[in-house]
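Shown here: start-v4.txt, compact mmCIF, C-alpha atoms and all ligand atoms.
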# COMPACT_ATOMS: atom_id res chain seq x y z
CA MET A 1 -23.48 -11.08 -6.96
CA TYR A 2 -21.85 -7.98 -5.54
CA SER A 3 -22.45 -4.43 -6.66
CA GLY A 4 -20.19 -1.44 -6.12
CA ILE A 5 -23.28 0.53 -5.18
CA ASP A 6 -23.60 -1.56 -2.03
CA LEU A 7 -19.89 -1.80 -1.21
CA ILE A 8 -18.70 1.80 -1.72
CA ASN A 9 -20.14 4.74 0.21
CA LEU A 10 -21.20 6.61 -2.93
CA ASP A 11 -23.29 9.13 -1.01
CA ARG A 12 -20.11 10.45 0.53
CA TYR A 13 -17.79 9.62 -2.38
CA PRO A 14 -19.67 9.81 -5.72
CA ILE A 15 -16.55 8.87 -7.68
CA HIS A 16 -18.57 7.83 -10.75
CA LEU A 17 -20.53 11.07 -11.16
CA ASP A 18 -19.72 14.46 -12.59
CA ASP A 19 -20.91 16.11 -9.41
CA PRO A 20 -19.92 19.04 -7.16
CA LEU A 21 -19.39 16.64 -4.24
CA ARG A 22 -16.88 14.65 -6.32
CA GLN A 23 -15.12 17.93 -7.06
CA SER A 24 -14.88 18.87 -3.41
CA VAL A 25 -13.68 15.40 -2.34
CA LEU A 26 -11.06 15.61 -5.06
CA ALA A 27 -9.97 19.12 -4.06
CA LYS A 28 -9.56 18.01 -0.44
CA ALA A 29 -7.54 14.89 -1.42
CA ARG A 30 -5.26 16.96 -3.67
CA ALA A 31 -4.73 19.55 -0.95
CA ASP A 32 -3.91 16.83 1.61
CA LEU A 33 -1.46 15.18 -0.80
CA ALA A 34 0.20 18.52 -1.52
CA HIS A 35 0.40 19.31 2.18
CA ASP A 36 2.03 16.14 3.50
CA GLY A 37 1.81 13.42 0.87
CA CYS A 38 -1.12 11.62 2.47
CA ALA A 39 -4.85 11.67 1.76
CA ILE A 40 -7.37 9.56 3.67
CA LEU A 41 -10.91 8.96 2.48
CA LYS A 42 -12.52 7.89 5.74
CA GLY A 43 -15.35 5.39 5.41
CA PHE A 44 -14.85 4.80 1.69
CA LEU A 45 -16.49 1.38 2.08
CA THR A 46 -19.95 0.88 3.50
CA PRO A 47 -20.36 -1.42 6.53
CA ALA A 48 -21.60 -4.09 4.05
CA GLY A 49 -18.47 -3.50 1.97
CA ILE A 50 -16.20 -3.95 4.99
CA ALA A 51 -18.00 -7.17 5.92
CA ALA A 52 -17.80 -8.56 2.37
CA LEU A 53 -14.11 -7.75 1.90
CA THR A 54 -13.23 -9.17 5.32
CA GLU A 55 -15.06 -12.39 4.59
CA GLU A 56 -13.31 -12.70 1.23
CA ALA A 57 -9.88 -12.10 2.79
CA ASP A 58 -10.61 -14.73 5.47
CA ARG A 59 -11.64 -17.18 2.76
CA VAL A 60 -8.35 -16.87 0.84
CA ALA A 61 -6.02 -16.13 3.77
CA SER A 62 -4.47 -19.60 3.53
CA LYS A 63 -3.20 -18.67 0.04
CA GLY A 64 -0.98 -15.93 1.45
CA HIS A 65 2.72 -16.18 0.72
CA ARG A 66 4.66 -15.39 3.86
CA SER A 67 8.00 -13.70 3.66
CA PHE A 68 10.53 -12.85 6.33
CA SER A 69 13.33 -10.38 5.94
CA ARG A 70 15.59 -8.05 7.83
CA THR A 71 15.60 -4.73 6.04
CA ASN A 72 16.76 -1.22 6.64
CA ALA A 73 14.64 1.78 5.63
CA TYR A 74 16.36 1.94 2.25
CA PHE A 75 16.23 -1.78 1.33
CA THR A 76 20.02 -1.77 0.93
CA GLN A 77 22.71 -4.16 2.17
CA ASP A 78 24.59 -3.47 5.38
CA ASP A 79 27.65 -1.27 4.96
CA PRO A 80 30.14 -2.01 7.78
CA ASP A 81 32.16 1.09 6.83
CA LEU A 82 29.40 3.32 8.20
CA PRO A 83 29.19 4.09 11.93
CA PRO A 84 26.89 1.66 13.81
CA GLU A 85 24.37 4.41 14.63
CA ASP A 86 23.87 5.40 10.98
CA PRO A 87 20.21 4.92 9.94
CA ARG A 88 21.37 2.83 6.99
CA ARG A 89 22.66 0.32 9.52
CA GLN A 90 19.39 -0.01 11.44
CA PHE A 91 17.84 -3.29 10.39
CA PHE A 92 14.33 -4.36 11.38
CA GLU A 93 12.52 -7.67 11.13
CA ARG A 94 9.77 -7.73 8.57
CA SER A 95 7.24 -10.52 8.28
CA ASN A 96 3.97 -10.46 6.41
CA ALA A 97 2.05 -12.42 3.83
CA PHE A 98 0.80 -11.24 0.48
CA ILE A 99 -2.34 -12.90 -0.81
CA PRO A 100 -1.75 -12.88 -4.60
CA ALA A 101 -4.21 -11.09 -6.86
CA ASP A 102 -5.46 -14.21 -8.67
CA ASN A 103 -7.17 -15.38 -5.49
CA PHE A 104 -9.64 -12.53 -5.83
CA THR A 105 -12.29 -13.63 -8.32
CA PRO A 106 -13.59 -11.22 -11.00
CA HIS A 107 -17.00 -10.73 -9.37
CA GLY A 108 -15.87 -11.02 -5.76
CA PRO A 109 -16.11 -7.96 -3.51
CA LEU A 110 -12.51 -6.71 -3.79
CA ARG A 111 -12.54 -6.71 -7.59
CA THR A 112 -16.05 -5.29 -7.65
CA VAL A 113 -14.68 -2.26 -5.80
CA HIS A 114 -11.58 -2.09 -8.01
CA ASP A 115 -13.62 -2.42 -11.22
CA PHE A 116 -16.35 0.01 -10.18
CA GLU A 117 -16.80 2.67 -12.85
CA GLY A 118 -14.66 5.68 -12.15
CA PHE A 119 -12.48 4.05 -9.46
CA ASP A 120 -9.18 4.18 -11.39
CA GLN A 121 -10.00 7.60 -12.83
CA PHE A 122 -10.77 8.99 -9.40
CA ILE A 123 -7.45 7.75 -7.99
CA GLN A 124 -5.62 9.19 -10.97
CA ASP A 125 -7.39 12.53 -10.55
CA CYS A 126 -6.44 12.65 -6.86
CA LEU A 127 -2.80 11.87 -7.58
CA GLN A 128 -2.65 13.99 -10.75
CA GLU A 129 -0.37 11.46 -12.39
CA GLU A 130 -0.27 11.87 -16.15
CA HIS A 131 0.83 8.34 -17.03
CA PHE A 132 -1.37 6.05 -15.03
CA HIS A 133 -2.21 2.43 -15.80
CA ARG A 134 -3.36 -0.48 -13.78
CA TYR A 135 -0.53 -2.92 -13.17
CA ALA A 136 -1.11 -5.69 -15.74
CA ASP A 137 0.29 -8.34 -13.41
CA PRO A 138 -2.37 -11.00 -12.65
CA LEU A 139 -0.64 -11.80 -9.35
CA ALA A 140 -0.24 -8.21 -8.23
CA ASP A 141 -2.79 -5.73 -9.61
CA VAL A 142 -4.69 -5.86 -6.34
CA ILE A 143 -3.51 -7.94 -3.41
CA VAL A 144 -4.16 -8.22 0.30
CA ASN A 145 -1.34 -7.74 2.74
CA MET A 146 -1.89 -9.86 5.83
CA ALA A 147 0.10 -9.49 9.05
CA ASP A 148 -0.10 -11.10 12.48
CA GLU A 149 0.85 -10.18 16.01
CA GLY A 150 4.28 -8.64 16.43
CA ASN A 151 4.60 -7.83 12.76
CA GLY A 152 3.75 -4.69 10.94
CA PHE A 153 5.86 -2.86 8.50
CA PRO A 154 9.08 -1.42 9.92
CA TRP A 155 10.44 2.03 9.06
CA HIS A 156 11.06 2.51 5.33
CA PHE A 157 10.86 4.78 2.31
CA ASP A 158 8.88 3.39 -0.63
CA THR A 159 10.61 2.78 -3.93
CA ASN A 160 7.38 3.49 -5.83
CA ASN A 161 6.03 7.04 -6.03
CA PHE A 162 2.69 6.36 -4.40
CA THR A 163 0.72 3.61 -2.66
CA VAL A 164 -3.05 3.13 -2.71
CA THR A 165 -4.38 1.06 0.18
CA LEU A 166 -7.75 0.12 1.54
CA ALA A 167 -7.98 -0.91 5.20
CA ILE A 168 -10.10 -4.06 5.62
CA GLN A 169 -9.44 -5.37 9.13
CA ASN A 170 -7.29 -4.10 11.98
CA ALA A 171 -5.44 -6.23 14.48
CA GLU A 172 -6.77 -6.08 18.04
CA GLY A 173 -4.09 -3.57 18.97
CA GLY A 174 -1.13 -1.69 17.54
CA GLY A 175 -0.95 -1.07 13.80
CA ALA A 176 -0.95 2.74 13.78
CA PHE A 177 0.36 4.26 10.56
CA GLU A 178 3.24 6.56 11.50
CA TYR A 179 4.97 8.87 9.06
CA ALA A 180 7.43 11.73 8.95
CA PRO A 181 6.24 13.88 6.02
CA ALA A 182 8.85 15.00 3.50
CA ILE A 183 11.71 14.13 5.81
CA ARG A 184 14.12 13.62 2.93
CA GLU A 185 12.95 16.39 0.63
CA VAL A 186 16.23 18.15 -0.09
CA ASP A 187 18.72 15.56 1.11
CA GLU A 188 18.66 12.28 3.04
CA ASN A 189 18.46 14.11 6.39
CA PHE A 190 20.01 11.15 8.24
CA ASP A 191 20.07 12.92 11.63
CA GLU A 192 16.31 13.44 11.66
CA VAL A 193 15.74 9.94 10.27
CA SER A 194 17.71 8.60 13.26
CA ARG A 195 15.53 10.61 15.62
CA VAL A 196 12.39 9.12 14.04
CA MET A 197 13.80 5.63 14.52
CA ASP A 198 14.73 6.19 18.18
CA GLY A 199 11.38 7.82 18.92
CA SER A 200 12.67 11.32 19.69
CA SER A 201 11.54 13.17 16.56
CA ASP A 202 8.64 15.60 16.76
CA ARG A 203 7.96 15.27 13.03
CA VAL A 204 6.07 11.99 13.22
CA LYS A 205 2.35 11.98 12.53
CA VAL A 206 0.22 9.08 13.71
CA LEU A 207 -2.92 7.89 11.94
CA GLU A 208 -5.31 5.30 13.29
CA LEU A 209 -6.87 3.97 10.12
CA GLU A 210 -10.11 2.07 10.39
CA PRO A 211 -11.62 -0.65 8.21
CA GLY A 212 -13.10 0.92 5.09
CA ASP A 213 -10.63 3.85 4.92
CA LEU A 214 -8.91 4.44 1.57
CA GLN A 215 -5.40 5.89 1.79
CA LEU A 216 -3.31 7.52 -0.93
CA PHE A 217 0.26 7.98 0.18
CA ARG A 218 3.41 9.32 -1.45
CA GLY A 219 5.99 7.37 0.51
CA ARG A 220 9.16 8.07 -1.40
CA TYR A 221 10.14 11.12 0.65
CA SER A 222 8.33 10.32 3.89
CA LEU A 223 9.74 7.74 6.28
CA HIS A 224 6.86 5.56 7.48
CA ARG A 225 5.90 2.37 9.27
CA VAL A 226 2.98 0.34 10.50
CA ALA A 227 3.54 -0.06 14.26
CA PRO A 228 3.81 -3.65 15.60
CA LEU A 229 0.50 -5.49 15.88
CA LYS A 230 -1.07 -7.05 18.95
CA GLY A 231 -3.64 -9.80 19.43
CA ASN A 232 -4.86 -12.79 17.46
CA ARG A 233 -6.78 -11.10 14.68
CA PRO A 234 -4.76 -10.57 11.48
CA ARG A 235 -4.52 -7.14 9.88
CA TYR A 236 -5.76 -7.05 6.28
CA VAL A 237 -5.01 -4.21 3.89
CA ALA A 238 -5.72 -4.26 0.15
CA ILE A 239 -3.03 -2.69 -2.02
CA PHE A 240 -3.91 -1.44 -5.51
CA SER A 241 -1.02 -1.07 -7.94
CA TYR A 242 -0.70 1.41 -10.77
CA VAL A 243 2.27 2.04 -13.02
CA ASP A 244 3.24 4.59 -15.64
CA GLU A 245 3.19 2.26 -18.67
CA PRO A 246 0.53 -0.13 -19.93
CA GLY A 247 1.17 -3.90 -19.94
CA MET A 248 3.75 -4.05 -17.17
CA VAL A 249 4.20 -7.15 -15.02
CA GLY A 250 6.72 -7.97 -12.29
CA SER A 251 10.09 -9.57 -12.92
CA VAL A 252 10.37 -13.34 -12.43
CA GLU A 253 12.70 -12.99 -9.46
CA ARG A 254 10.76 -10.33 -7.58
CA THR A 255 7.42 -12.07 -8.24
CA LYS A 256 8.75 -15.34 -6.79
CA GLN A 257 9.99 -13.47 -3.75
CA LEU A 258 6.69 -11.69 -3.09
CA TYR A 259 4.13 -14.29 -4.19
CA GLY A 260 6.03 -17.58 -4.10
CA ARG A 261 5.29 -18.44 -7.73
CA VAL A 262 5.14 -17.02 -11.26
CA LEU A 263 2.74 -17.38 -14.19
CA PRO A 264 3.58 -17.89 -17.89
CA ILE A 265 3.11 -14.15 -18.49
CA HIS A 266 6.05 -13.35 -16.18
CA ILE A 267 8.33 -15.64 -18.13
CA GLU A 268 7.06 -14.44 -21.54
CA ARG A 269 7.50 -10.78 -20.66
CA ALA A 270 10.91 -11.23 -19.00
CA GLY A 271 13.51 -9.60 -21.17
CA GLN A 272 10.92 -7.47 -22.96
CA ARG A 273 11.41 -4.43 -20.79
CA LEU A 274 12.56 -1.15 -22.17
CA ASP A 275 15.08 -0.50 -19.43
CA SER A 276 17.65 -2.71 -17.76
CA PHE A 277 17.04 -1.77 -14.14
CA ILE A 278 17.12 -4.62 -11.65
CA ASP A 279 13.47 -4.13 -10.72
O1 LIG B 301 0.25 -1.74 5.03
C1 LIG B 301 0.21 -0.50 4.98
O2 LIG B 301 -0.70 0.15 5.48
C2 LIG B 301 1.28 0.28 4.29
C3 LIG B 301 2.38 -0.61 3.86
C4 LIG B 301 3.48 0.16 3.19
O3 LIG B 301 4.03 1.07 3.72
C5 LIG B 301 3.88 -0.23 1.84
O4 LIG B 301 3.23 -1.13 1.26
O5 LIG B 301 4.86 0.31 1.34
FE FE B 302 5.50 1.90 2.36

What do you get writing this file as structure tokens?
Amino acid sequence: MYSGIDLINLDRYPIHLDDPLRQSVLAKARADLAHDGCAILKGFLTPAGIAALTEEADRVASKGHRSFSRTNAYFTQDDPDLPPEDPRRQFFERSNAFIPADNFTPHGPLRTVHDFEGFDQFIQDCLQEEHFHRYADPLADVIVNMADEGNGFPWHFDTNNFTVTLAIQNAEGGGAFEYAPAIREVDENFDEVSRVMDGSSDRVKVLELEPGDLQLFRGRYSLHRVAPLKGNRPRYVAIFSYVDEPGMVGSVERTKQLYGRVLPIHIERAGQRLDSFID
């Protein structure tokens, strides 16, 4: 039986208490997010927490659904009318595996962290999002992204407003998180985006995240990537998903793509959405 008290470093991050330390952690995270869209809570997990989450990820790693794609930073199709050097025409290989959320049992370590009292509220308070609900998708509310040597996550902008990740295990080498804060704030800024991609921009920040670090990142305006990985050990990162409406689940098509299967809830809820966007 796991307890959040053992897995989360509550001395440093008393997320469940009305406490001056919680206030100061929160103030720092908000300031970091306002400054460049990224807040890191170093050592959010205890060493026991890191060990327990790593062991759990190893145990269910074979359930990961691998996907390969060639994507540009905008997840759009190639447009041959644009010049070849345009950043929209730079395609990168992407390969990783998502371990679907239903492999993480209710009282296992990952869900014990996720369900710890005050966890969701603390994330919401950091991000200052008014409409904030856990994704109701049983395959996707909390997943582990697993990637092997050579892979990573090539340059992209996120389609979602923010990402909440928890580093569990690093590869033996590579894997730095690189980002160009607010690079497309006023317009797409394609010239600077090109410089980031060819390695000549001075706007790129590099973070070496360690197991146990919690990261809140607003990736819609900041080009970012996880640098290619080296060595035999897989990289594991948990991704927590929140949305702005209760009861949301993924579309049938997208869920199949990401997780390789769907559940009855995806089929039942298909067609019940309020909008008609593709995803
Ligand atoms: O794996 C990571 O650390 C970040 C991945 C990422 O950029 C994303 O999920 O959009
Ligand atoms: Fe991203």

Could you build a table of the residues in chain A lying no more than 7 Å from ligand FE 302 (chain B), giving for each the nearest pair of atoms and their separation in Å rounded to one decimal place, using only C-alpha atoms and all ligand atoms, ordered by chain and ascending residue number, as JSON lines?
{"residue": "A:His156", "atom": "CA", "partner": "B:FE302", "partner_atom": "FE", "distance": 6.3}
{"residue": "A:Phe157", "atom": "CA", "partner": "B:FE302", "partner_atom": "FE", "distance": 6.1}
{"residue": "A:Asp158", "atom": "CA", "partner": "B:FE302", "partner_atom": "FE", "distance": 4.8}
{"residue": "A:Gly219", "atom": "CA", "partner": "B:FE302", "partner_atom": "FE", "distance": 5.8}
{"residue": "A:His224", "atom": "CA", "partner": "B:FE302", "partner_atom": "FE", "distance": 6.4}
{"residue": "A:Arg225", "atom": "CA", "partner": "B:FE302", "partner_atom": "FE", "distance": 6.9}

### Task
Pick out the residues sitting within 7 Å of range 14-22 of chain A, and hand them over as a PyMOL selection string; count all atoms listed in the file, and ignore anything fewer than 5 positions along from it in its own chain.
chain A and resi 117-119+122

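Residues in contact with Gly49 in chain A at 9 Å, where all atoms listed in the file are counted and same-chain residues fewer than 4 positions away are skipped, are listed as Gly4, Asp6, Leu7, Ile8, Asn9, Leu45, Leu53, Thr54, Pro109, Leu110, Val113 and Gly212 of chain A.
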
Mind checking which residues fall within 9 Å of Ala39 in chain A, counting all atoms listed in the file, ignoring those fewer than 5 positions away in the same chain, and posting them as an mmCIF file with C-alpha atoms, keeping the file's coordinate frame?
data_model
loop_
_atom_site.group_PDB
_atom_site.id
_atom_site.type_symbol
_atom_site.label_atom_id
_atom_site.label_comp_id
_atom_site.auth_asym_id
_atom_site.auth_seq_id
_atom_site.Cartn_x
_atom_site.Cartn_y
_atom_site.Cartn_z
ATOM 1 C CA LYS A 28 -9.560 18.010 -0.440
ATOM 2 C CA ALA A 29 -7.540 14.890 -1.420
ATOM 3 C CA ARG A 30 -5.260 16.960 -3.670
ATOM 4 C CA ALA A 31 -4.730 19.550 -0.950
ATOM 5 C CA ASP A 32 -3.910 16.830 1.610
ATOM 6 C CA LEU A 33 -1.460 15.180 -0.800
ATOM 7 C CA CYS A 126 -6.440 12.650 -6.860
ATOM 8 C CA LEU A 214 -8.910 4.440 1.570
ATOM 9 C CA GLN A 215 -5.400 5.890 1.790
ATOM 10 C CA LEU A 216 -3.310 7.520 -0.930
ATOM 11 C CA PHE A 217 0.260 7.980 0.180
#

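Taking all atoms listed in the file into account, the protein and nucleic acid residues that come at most 7 Å from ligand LIG 301 (chain B) are A:Asn145, A:Phe153, A:Asp158, A:Thr163, A:Thr165, A:Phe177, A:His224, A:Arg225, A:Val226, A:Val237.
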
With C-alpha atoms retained, export the selected residues as a tab-separated table (two decimals), in the coordinates of the input.
chain	number	residue	atom	x	y	z
A	145	ASN	CA	-1.34	-7.74	2.74
A	153	PHE	CA	5.86	-2.86	8.50
A	158	ASP	CA	8.88	3.39	-0.63
A	163	THR	CA	0.72	3.61	-2.66
A	165	THR	CA	-4.38	1.06	0.18
A	177	PHE	CA	0.36	4.26	10.56
A	224	HIS	CA	6.86	5.56	7.48
A	225	ARG	CA	5.90	2.37	9.27
A	226	VAL	CA	2.98	0.34	10.50
A	237	VAL	CA	-5.01	-4.21	3.89

### Query
For Gly152 in chain A, which residue among A:Glu185, A:Asp198, A:Glu93, A:Asp36 is the nearest when counting only C-alpha atoms?
A:Glu93

### Message
Can you pull out the residues contacting range 65-78 of chain A? Cut-off 7 Å, using only C-alpha atoms, and skip same-chain residues under 5 positions away; I want them as a ChimeraX atom specification.
### Response
/A:88-99,155-157,259-260

### Among the residues A:Asp187, A:Glu192, A:Glu178, A:Glu85, the one that comes closest to Leu207 in chain A [using all atoms listed in the file]
A:Glu178

### Query
Using all atoms listed in the file, which of A:Glu208, A:Asp202, A:Glu188, A:Asp141 sits nearest Asp102 in chain A?
A:Asp141
